[in-house]
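Since the structure comes first, as structure tokens, the remarks are kept for the end.
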Amino acid sequence: MLSDQELLKLLLSEFLVEHFDILKGETHDAELHLYFEEKSSIPHEFKERQLQSRSLKKWLIFRN
């Protein structure tokens, strides 16, 4: 049987699964709130570039 996180990975976009870790999920009323943390790994297509980290400073709400 699949874990909760494995089920979420089936529903989320490939970009989110590749670049973010799912920290937790909560339900509020009829909504599912998911909390993500950006992975510190650099995607292979950007390995040759000099990158600067710019973390997210505020909560973002994505609606589908």
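A note on labels: chains of the structure tokens are A, B, ... as shown, every chain counts residues from 1, and ligands are counted from 1 in their shown order.
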
Where does segment 22-48 of chain A meet segment 1-15 of chain A within 12 Å, residue by residue, with the nearest atom pair and distance in Å to one decimal for each, counting only C-alpha atoms, listed by chain and rising number, as a Markdown table?
| residue | atom | partner | partner_atom | distance |
| --- | --- | --- | --- | --- |
| A:Ile22 | CA | A:Gln5 | CA | 7.3 |
| A:Leu23 | CA | A:Gln5 | CA | 9.3 |
| A:Lys24 | CA | A:Gln5 | CA | 8.7 |
| A:Gly25 | CA | A:Gln5 | CA | 9.0 |
| A:Glu26 | CA | A:Asp4 | CA | 11.7 |
| A:Leu32 | CA | A:Leu8 | CA | 11.0 |
| A:His33 | CA | A:Leu8 | CA | 11.8 |
| A:Leu34 | CA | A:Leu8 | CA | 9.6 |
| A:Tyr35 | CA | A:Gln5 | CA | 11.7 |
| A:Phe36 | CA | A:Gln5 | CA | 11.7 |
| A:Glu38 | CA | A:Phe15 | CA | 11.1 |
| A:Lys39 | CA | A:Phe15 | CA | 11.5 |
| A:Pro43 | CA | A:Phe15 | CA | 10.7 |

Could those selected residues go to a file with all heavy atoms, as a CSV table (one decimal), in the first residue's frame?
chain,number,residue,atom,x,y,z
A,22,ILE,N,7.9,17.4,0.5
A,22,ILE,CA,6.6,17.7,1.2
A,22,ILE,C,6.9,17.5,2.7
A,22,ILE,O,7.3,16.5,3.2
A,22,ILE,CB,5.6,16.6,0.8
A,22,ILE,CG1,5.4,16.7,-0.8
A,22,ILE,CG2,4.2,16.9,1.5
A,22,ILE,CD1,4.6,15.5,-1.3
A,23,LEU,N,6.7,18.6,3.4
A,23,LEU,CA,6.9,18.6,4.9
A,23,LEU,C,5.7,18.0,5.6
A,23,LEU,O,5.8,17.2,6.5
A,23,LEU,CB,7.2,20.0,5.4
A,23,LEU,CG,8.5,20.7,4.9
A,23,LEU,CD1,8.6,22.1,5.5
A,23,LEU,CD2,9.7,19.8,5.2
A,24,LYS,N,4.5,18.5,5.3
A,24,LYS,CA,3.3,18.0,5.9
A,24,LYS,C,2.1,18.4,5.1
A,24,LYS,O,2.1,19.3,4.3
A,24,LYS,CB,3.2,18.5,7.4
A,24,LYS,CG,3.0,20.0,7.5
A,24,LYS,CD,2.9,20.4,9.0
A,24,LYS,CE,2.7,21.9,9.1
A,24,LYS,NZ,2.5,22.4,10.4
A,25,GLY,N,1.0,17.8,5.5
A,25,GLY,CA,-0.3,18.2,4.9
A,25,GLY,C,-1.4,18.3,6.0
A,25,GLY,O,-1.3,17.5,6.9
A,26,GLU,N,-2.2,19.3,5.9
A,26,GLU,CA,-3.3,19.4,6.9
A,26,GLU,C,-4.6,19.7,6.1
A,26,GLU,O,-4.6,20.3,5.1
A,26,GLU,CB,-3.0,20.6,7.8
A,26,GLU,CG,-1.7,20.5,8.6
A,26,GLU,CD,-1.4,21.8,9.3
A,26,GLU,OE1,-1.9,22.9,9.0
A,26,GLU,OE2,-0.6,21.7,10.3
A,32,LEU,N,-7.2,21.1,1.5
A,32,LEU,CA,-5.9,20.5,1.8
A,32,LEU,C,-4.8,21.5,1.7
A,32,LEU,O,-4.6,22.1,0.7
A,32,LEU,CB,-5.7,19.3,0.9
A,32,LEU,CG,-4.4,18.5,1.1
A,32,LEU,CD1,-4.3,17.9,2.5
A,32,LEU,CD2,-4.2,17.5,0.0
A,33,HIS,N,-4.1,21.7,2.8
A,33,HIS,CA,-3.0,22.6,2.9
A,33,HIS,C,-1.7,21.8,2.9
A,33,HIS,O,-1.5,21.0,3.8
A,33,HIS,CB,-3.0,23.5,4.1
A,33,HIS,CG,-4.2,24.4,4.1
A,33,HIS,ND1,-4.1,25.8,4.5
A,33,HIS,CD2,-5.5,24.3,3.8
A,33,HIS,CE1,-5.2,26.4,4.4
A,33,HIS,NE2,-6.1,25.5,4.0
A,34,LEU,N,-0.8,22.0,1.9
A,34,LEU,CA,0.4,21.3,1.8
A,34,LEU,C,1.6,22.2,2.1
A,34,LEU,O,1.6,23.4,1.6
A,34,LEU,CB,0.6,20.7,0.4
A,34,LEU,CG,-0.5,19.7,0.0
A,34,LEU,CD1,-0.3,19.2,-1.4
A,34,LEU,CD2,-0.5,18.4,0.9
A,35,TYR,N,2.6,21.8,2.8
A,35,TYR,CA,3.7,22.6,3.1
A,35,TYR,C,5.0,21.9,2.5
A,35,TYR,O,5.2,20.7,2.6
A,35,TYR,CB,3.9,22.6,4.6
A,35,TYR,CG,2.7,23.3,5.3
A,35,TYR,CD1,1.6,22.5,5.6
A,35,TYR,CD2,2.7,24.6,5.6
A,35,TYR,CE1,0.5,23.1,6.2
A,35,TYR,CE2,1.6,25.2,6.2
A,35,TYR,CZ,0.5,24.5,6.5
A,35,TYR,OH,-0.6,25.1,7.1
A,36,PHE,N,5.7,22.8,1.7
A,36,PHE,CA,6.9,22.3,1.0
A,36,PHE,C,8.1,23.0,1.4
A,36,PHE,O,8.1,24.1,1.9
A,36,PHE,CB,6.7,22.6,-0.5
A,36,PHE,CG,5.5,22.0,-1.2
A,36,PHE,CD1,4.3,22.6,-1.2
A,36,PHE,CD2,5.6,20.7,-1.7
A,36,PHE,CE1,3.2,22.0,-1.8
A,36,PHE,CE2,4.5,20.1,-2.3
A,36,PHE,CZ,3.3,20.7,-2.3
A,38,GLU,N,12.0,23.7,-0.3
A,38,GLU,CA,12.8,23.6,-1.5
A,38,GLU,C,14.1,22.7,-1.2
A,38,GLU,O,14.7,22.9,-0.2
A,38,GLU,CB,13.3,24.9,-2.0
A,38,GLU,CG,13.9,24.9,-3.3
A,38,GLU,CD,14.2,26.3,-3.9
A,38,GLU,OE1,14.1,27.3,-3.2
A,38,GLU,OE2,14.6,26.3,-5.1
A,39,LYS,N,14.3,21.7,-2.1
A,39,LYS,CA,15.5,20.9,-2.0
A,39,LYS,C,16.7,21.7,-2.3
A,39,LYS,O,16.7,22.7,-3.1
A,39,LYS,CB,15.4,19.7,-3.0
A,39,LYS,CG,14.3,18.8,-2.6
A,39,LYS,CD,14.3,17.6,-3.6
A,39,LYS,CE,13.1,16.7,-3.3
A,39,LYS,NZ,13.0,15.6,-4.2
A,43,PRO,N,19.5,21.5,-10.1
A,43,PRO,CA,19.1,20.7,-11.3
A,43,PRO,C,20.2,20.6,-12.3
A,43,PRO,O,21.0,21.5,-12.5
A,43,PRO,CB,17.9,21.5,-11.9
A,43,PRO,CG,17.4,22.4,-10.8
A,43,PRO,CD,18.6,22.7,-9.9

Item to check | Long-range neighbours of His44 of chain A as a PyMOL selection string, 12 Å cut-off, only C-alpha atoms, 4 positions minimum in chain | outcome: chain A and resi 18-19+48-49

Checklist entry - DSSP on the backbone: what in chain A comes out strand (DSSP E), as a list in words? => result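 In chain A, DSSP puts these residues in strand (DSSP E): Phe20, Asp21, Ile22, Leu23, Lys24, Gly25, Glu26, Thr27, His28, Glu31, Leu32, His33, Leu34, Tyr35, Phe36, Glu37 and Glu38 of chain A.
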
Item to check | Residue list (helix (DSSP H, G or I), DSSP) for chain A, as JSON, numbers by chain | outcome: {"A": [4, 5, 6, 7, 8, 9, 10, 11, 14, 15, 16, 17, 18, 19, 44, 45, 46]}

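Look at Gln52 of chain A: the protein and nucleic acid residues within 12 Å of it, using only C-alpha atoms and passing over chain neighbours fewer than 4 places away, are Ser40, Ile42 and Phe46 of chain A.
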